[in-house]
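What follows is a short report on a single structure.
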Amino acid sequence: MKYLVSMVTVLWIFTLTSAQEVDCETDSYLFEHEHLATESLCIPENAERIAVLDPFTFEFAVALDVPIVATPQIYIEQFTTNFPSYSDAFDAVNDTSIPLNLESLLTANVDIILCRRSACEDSFEQLAQVAPTVMFDNESASDWRESSRFYAEVLGIDDTLVDVEATFDARLTMLAEELEATFGEQAPSISVLRVRPGQLRFYFEDSSAGIIWSSVGFTSPETQVEIIQSSIDRLGDARLANISTEQIPLVDADYVFVFATDGLTDGDGLAYLEETRANPLWQALTAVQDEQLYIVGNYWFSSGYIAAHAIVDDLFTFVLDSDVIAISPNPFNMSNNENSEESP
């Protein structure tokens, strides 16, 4: 018994000593979190100059009005292509490029660097010499809501995020209620397809967009059961799967949403989409015949509250044929549907 008490005392003293060894500077504090991808670290209490080095964290920062001073220009370009009203919001932001331009990052004089582990773990040592670097230990793109909570805690803007979450959840609730009122207990099936040069890729319930449409009642068509199971076997969840052009019939559902992303050349994603649309198997899809297949913006591939609201807009508009602005306004005042189209 004395030995046990002695060991407990030693462990307590060791833990206390270890905690005391971390001595953060004035106006900084020790940050610890279950989703922190590194050891605990000292971060500034009131960071005002923030670098964001992955597209998911970038969208979080924009949605919560976080002052971005450095980020890769490509993230700005991709974002403003989908949401052009933000085009003038990033004129003073330093382009850190991909791969990382360390000189540009140093010039930005940042207080803190935010990024997801998958984007920054290889350059962490360099980044940490520039400024405290806080990495979210991400699993997949579908954890964007959890990463938003993580970064809100890092920056001390939890209350702001609570409001953002509440507004989004209220729109989801209204969408679910409208779907049930229109279709009863069995909501329509939905199919989401990404087209990029030479590749057709399904996104299922556990993808970043899938957690939105599945949460309000949409389901995947029964014809996709086997290919969804292949995703579960490979990835551990129903996230994504590639298909061949011969498998285009699997795309069919009550409603189909398709978006294109480029490869190495601007416009080649859309070119392959047009090639795919000319395929007789595509033309034979029931969703095409019923004019319930829609070409939408590639914000369906993004992860964050701004993209999520745009997806909700599309579901209101195309499935429910609703005046989404009047029924459930988008708080980011984006009108993305004007760039979407029904697809023959």
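Chain identifiers are assigned as A, B, and so on, following the order in which chains appear in the structure tokens; residues are numbered from 1 within each chain, and ligands are numbered from 1 in order of appearance.
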Check your understanding: Taking the backbone alone, and naming residues the way the document does, which bits of stretch 26-225 of chain A are helix (DSSP H, G or I) by DSSP, as a PyMOL selection string?
Key -> chain A and resi 55-63+73-82+84-86+102-107+117-130+141-155+158-183+210-213+222-225
**Study point:** Nearby residues (only C-alpha atoms) at most 8 Å from A:Leu161, same-chain spacing under 2 positions excluded, as a PyMOL selection string
**Key:** chain A and resi 64+148-149+152+157-159+163-165
Atoms kept (N, CA and C atoms) for selection, written as a PDB file, in the first residue's frame:
ATOM      1  N   LEU A  64     -15.979  33.339 -40.445  1.00  0.00           N
ATOM      2  CA  LEU A  64     -16.023  33.951 -39.123  1.00  0.00           C
ATOM      3  C   LEU A  64     -15.281  35.282 -39.061  1.00  0.00           C
ATOM      4  N   SER A 148     -13.853  23.497 -37.313  1.00  0.00           N
ATOM      5  CA  SER A 148     -14.301  24.872 -37.059  1.00  0.00           C
ATOM      6  C   SER A 148     -14.361  25.139 -35.557  1.00  0.00           C
ATOM      7  N   ARG A 149     -14.865  24.177 -34.788  1.00  0.00           N
ATOM      8  CA  ARG A 149     -14.926  24.341 -33.329  1.00  0.00           C
ATOM      9  C   ARG A 149     -13.512  24.437 -32.743  1.00  0.00           C
ATOM     10  N   ALA A 152     -12.064  27.881 -33.603  1.00  0.00           N
ATOM     11  CA  ALA A 152     -12.765  28.918 -32.844  1.00  0.00           C
ATOM     12  C   ALA A 152     -12.231  28.970 -31.416  1.00  0.00           C
ATOM     13  N   ILE A 157     -13.033  32.665 -30.290  1.00  0.00           N
ATOM     14  CA  ILE A 157     -14.253  33.199 -30.898  1.00  0.00           C
ATOM     15  C   ILE A 157     -15.361  32.146 -30.878  1.00  0.00           C
ATOM     16  N   ASP A 158     -15.413  31.397 -29.792  1.00  0.00           N
ATOM     17  CA  ASP A 158     -16.413  30.343 -29.652  1.00  0.00           C
ATOM     18  C   ASP A 158     -17.832  30.883 -29.773  1.00  0.00           C
ATOM     19  N   ASP A 159     -18.082  32.045 -29.167  1.00  0.00           N
ATOM     20  CA  ASP A 159     -19.435  32.614 -29.203  1.00  0.00           C
ATOM     21  C   ASP A 159     -19.868  32.948 -30.626  1.00  0.00           C
ATOM     22  N   ASP A 163     -23.195  31.115 -32.929  1.00  0.00           N
ATOM     23  CA  ASP A 163     -24.227  31.776 -33.742  1.00  0.00           C
ATOM     24  C   ASP A 163     -24.232  31.230 -35.168  1.00  0.00           C
ATOM     25  N   VAL A 164     -23.039  31.023 -35.737  1.00  0.00           N
ATOM     26  CA  VAL A 164     -22.934  30.493 -37.101  1.00  0.00           C
ATOM     27  C   VAL A 164     -23.534  29.088 -37.165  1.00  0.00           C
ATOM     28  N   GLU A 165     -23.214  28.275 -36.184  1.00  0.00           N
ATOM     29  CA  GLU A 165     -23.748  26.908 -36.136  1.00  0.00           C
ATOM     30  C   GLU A 165     -25.263  26.915 -35.998  1.00  0.00           C
TER      31      GLU A 165
END
Exercise for review: List every residue of stretch 152-330 of chain A that DSSP, applied to the backbone, labels as strand (DSSP E or B), and write the result as a ChimeraX atom specification.
Suggested key: /A:189-196,199-203,219,240-243,255-260,293-295
Review point. Near A:Val93, counting only C-alpha atoms, which residues have an atom at most 12 Å away, once you skip same-chain residues fewer than 5 positions from it, shown as an MDAnalysis selection string?
Key: chainID A and resid 49:52 58 67:76 88 104:105 107:110
Exercise for review: Rank nothing, just name the residue among A:Gln292, A:Asn330, A:Ser191, A:Ser230 nearest to A:Leu250, using only C-alpha atoms.
Suggested key: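 Checking each candidate against A:Leu250, we get A:Ser191 as the closest.
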Check your understanding: At what distance in Å, to one decimal, does atom CA of A:Arg239 lie from atom CA of A:Ile113?
Key -> 28.9 Å
**Study point:** All residues 9 Å or closer to A:Asn242, only C-alpha atoms, same chain fewer than 5 positions away omitted, as a list in words
**Key:**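 Neighbouring residues, sequence-local ones excluded: Gln199, Leu200, Arg201, Phe202 and Ile227 of chain A.
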Practice item. Can you pull out every residue within 12 Å of A:Ala284, counting only C-alpha atoms, but drop anything in the same chain fewer than 3 positions away, and send it as a PyMOL selection string? Key: chain A and resi 248-252+277-281+287-291+293+344
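Take atom CA of A:Arg116 and atom CA of A:Ile311: the distance between them is 23.0 Å.
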Please provide as a compact mmCIF listing (two decimals) with C-alpha atoms, in the first residue's frame all residues within 8 Å of A:Ala253, with the sequence filter that same-chain residues fewer than 2 positions apart are discarded (counting only C-alpha atoms).
# COMPACT_ATOMS: atom_id res chain seq x y z
CA SER A 189 -32.64 9.58 -53.40
CA ILE A 190 -29.68 11.73 -54.33
CA SER A 191 -26.51 11.12 -56.30
CA SER A 220 -28.30 7.18 -51.88
CA PRO A 221 -30.10 5.07 -54.53
CA VAL A 251 -25.34 7.75 -61.33
CA TYR A 255 -32.01 13.96 -58.09
CA VAL A 256 -28.44 14.13 -59.38
CA THR A 286 -33.82 8.91 -65.93
CA ALA A 287 -32.68 12.03 -64.05
Review point. Any idea what the distance is between atom CA of A:Val296 and atom CA of A:Phe259?
Key: 5.3 Å
Practice item. Pick out the residues sitting within 9 Å of A:Leu273, and hand them over as a list in words; count only C-alpha atoms, and ignore anything fewer than 2 positions along from it in its own chain. Key: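 The filter keeps Val195, Arg196, Pro197, Val258, Phe259, Ala260, Asp268, Gly269, Leu270, Ala271, Glu275, Thr276, Arg277 and Ala278 of chain A.
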Write the residues of the selection above to a file with N, CA and C atoms, as a PDB file, in the first residue's frame.
ATOM      1  N   VAL A 195     -16.722  15.371 -61.492  1.00  0.00           N
ATOM      2  CA  VAL A 195     -16.091  15.070 -62.777  1.00  0.00           C
ATOM      3  C   VAL A 195     -14.776  15.836 -62.863  1.00  0.00           C
ATOM      4  N   ARG A 196     -13.708  15.110 -63.030  1.00  0.00           N
ATOM      5  CA  ARG A 196     -12.418  15.735 -63.295  1.00  0.00           C
ATOM      6  C   ARG A 196     -11.783  14.990 -64.455  1.00  0.00           C
ATOM      7  N   PRO A 197     -10.789  15.553 -65.113  1.00  0.00           N
ATOM      8  CA  PRO A 197     -10.262  14.942 -66.340  1.00  0.00           C
ATOM      9  C   PRO A 197      -9.973  13.450 -66.204  1.00  0.00           C
ATOM     10  N   VAL A 258     -24.044  17.331 -60.114  1.00  0.00           N
ATOM     11  CA  VAL A 258     -22.751  17.071 -60.744  1.00  0.00           C
ATOM     12  C   VAL A 258     -21.926  18.344 -60.728  1.00  0.00           C
ATOM     13  N   PHE A 259     -20.657  18.221 -60.388  1.00  0.00           N
ATOM     14  CA  PHE A 259     -19.766  19.381 -60.450  1.00  0.00           C
ATOM     15  C   PHE A 259     -18.431  18.943 -61.036  1.00  0.00           C
ATOM     16  N   ALA A 260     -17.719  19.897 -61.609  1.00  0.00           N
ATOM     17  CA  ALA A 260     -16.442  19.611 -62.263  1.00  0.00           C
ATOM     18  C   ALA A 260     -15.307  20.322 -61.537  1.00  0.00           C
ATOM     19  N   ASP A 268     -10.134  22.100 -68.171  1.00  0.00           N
ATOM     20  CA  ASP A 268     -10.159  20.721 -68.651  1.00  0.00           C
ATOM     21  C   ASP A 268     -11.178  19.869 -67.895  1.00  0.00           C
ATOM     22  N   GLY A 269     -11.533  20.279 -66.678  1.00  0.00           N
ATOM     23  CA  GLY A 269     -12.589  19.585 -65.959  1.00  0.00           C
ATOM     24  C   GLY A 269     -13.929  19.750 -66.637  1.00  0.00           C
ATOM     25  N   LEU A 270     -14.229  20.972 -67.035  1.00  0.00           N
ATOM     26  CA  LEU A 270     -15.488  21.237 -67.739  1.00  0.00           C
ATOM     27  C   LEU A 270     -15.504  20.558 -69.103  1.00  0.00           C
ATOM     28  N   ALA A 271     -14.347  20.494 -69.759  1.00  0.00           N
ATOM     29  CA  ALA A 271     -14.266  19.828 -71.058  1.00  0.00           C
ATOM     30  C   ALA A 271     -14.609  18.350 -70.921  1.00  0.00           C
ATOM     31  N   GLU A 275     -17.780  16.106 -72.451  1.00  0.00           N
ATOM     32  CA  GLU A 275     -17.574  14.822 -73.118  1.00  0.00           C
ATOM     33  C   GLU A 275     -18.437  13.737 -72.465  1.00  0.00           C
ATOM     34  N   THR A 276     -18.506  13.761 -71.156  1.00  0.00           N
ATOM     35  CA  THR A 276     -19.305  12.777 -70.427  1.00  0.00           C
ATOM     36  C   THR A 276     -20.796  12.948 -70.708  1.00  0.00           C
ATOM     37  N   ARG A 277     -21.241  14.181 -70.801  1.00  0.00           N
ATOM     38  CA  ARG A 277     -22.657  14.450 -71.059  1.00  0.00           C
ATOM     39  C   ARG A 277     -23.087  13.971 -72.447  1.00  0.00           C
ATOM     40  N   ALA A 278     -22.137  13.849 -73.339  1.00  0.00           N
ATOM     41  CA  ALA A 278     -22.458  13.373 -74.689  1.00  0.00           C
ATOM     42  C   ALA A 278     -22.542  11.851 -74.769  1.00  0.00           C
TER      43      ALA A 278
END
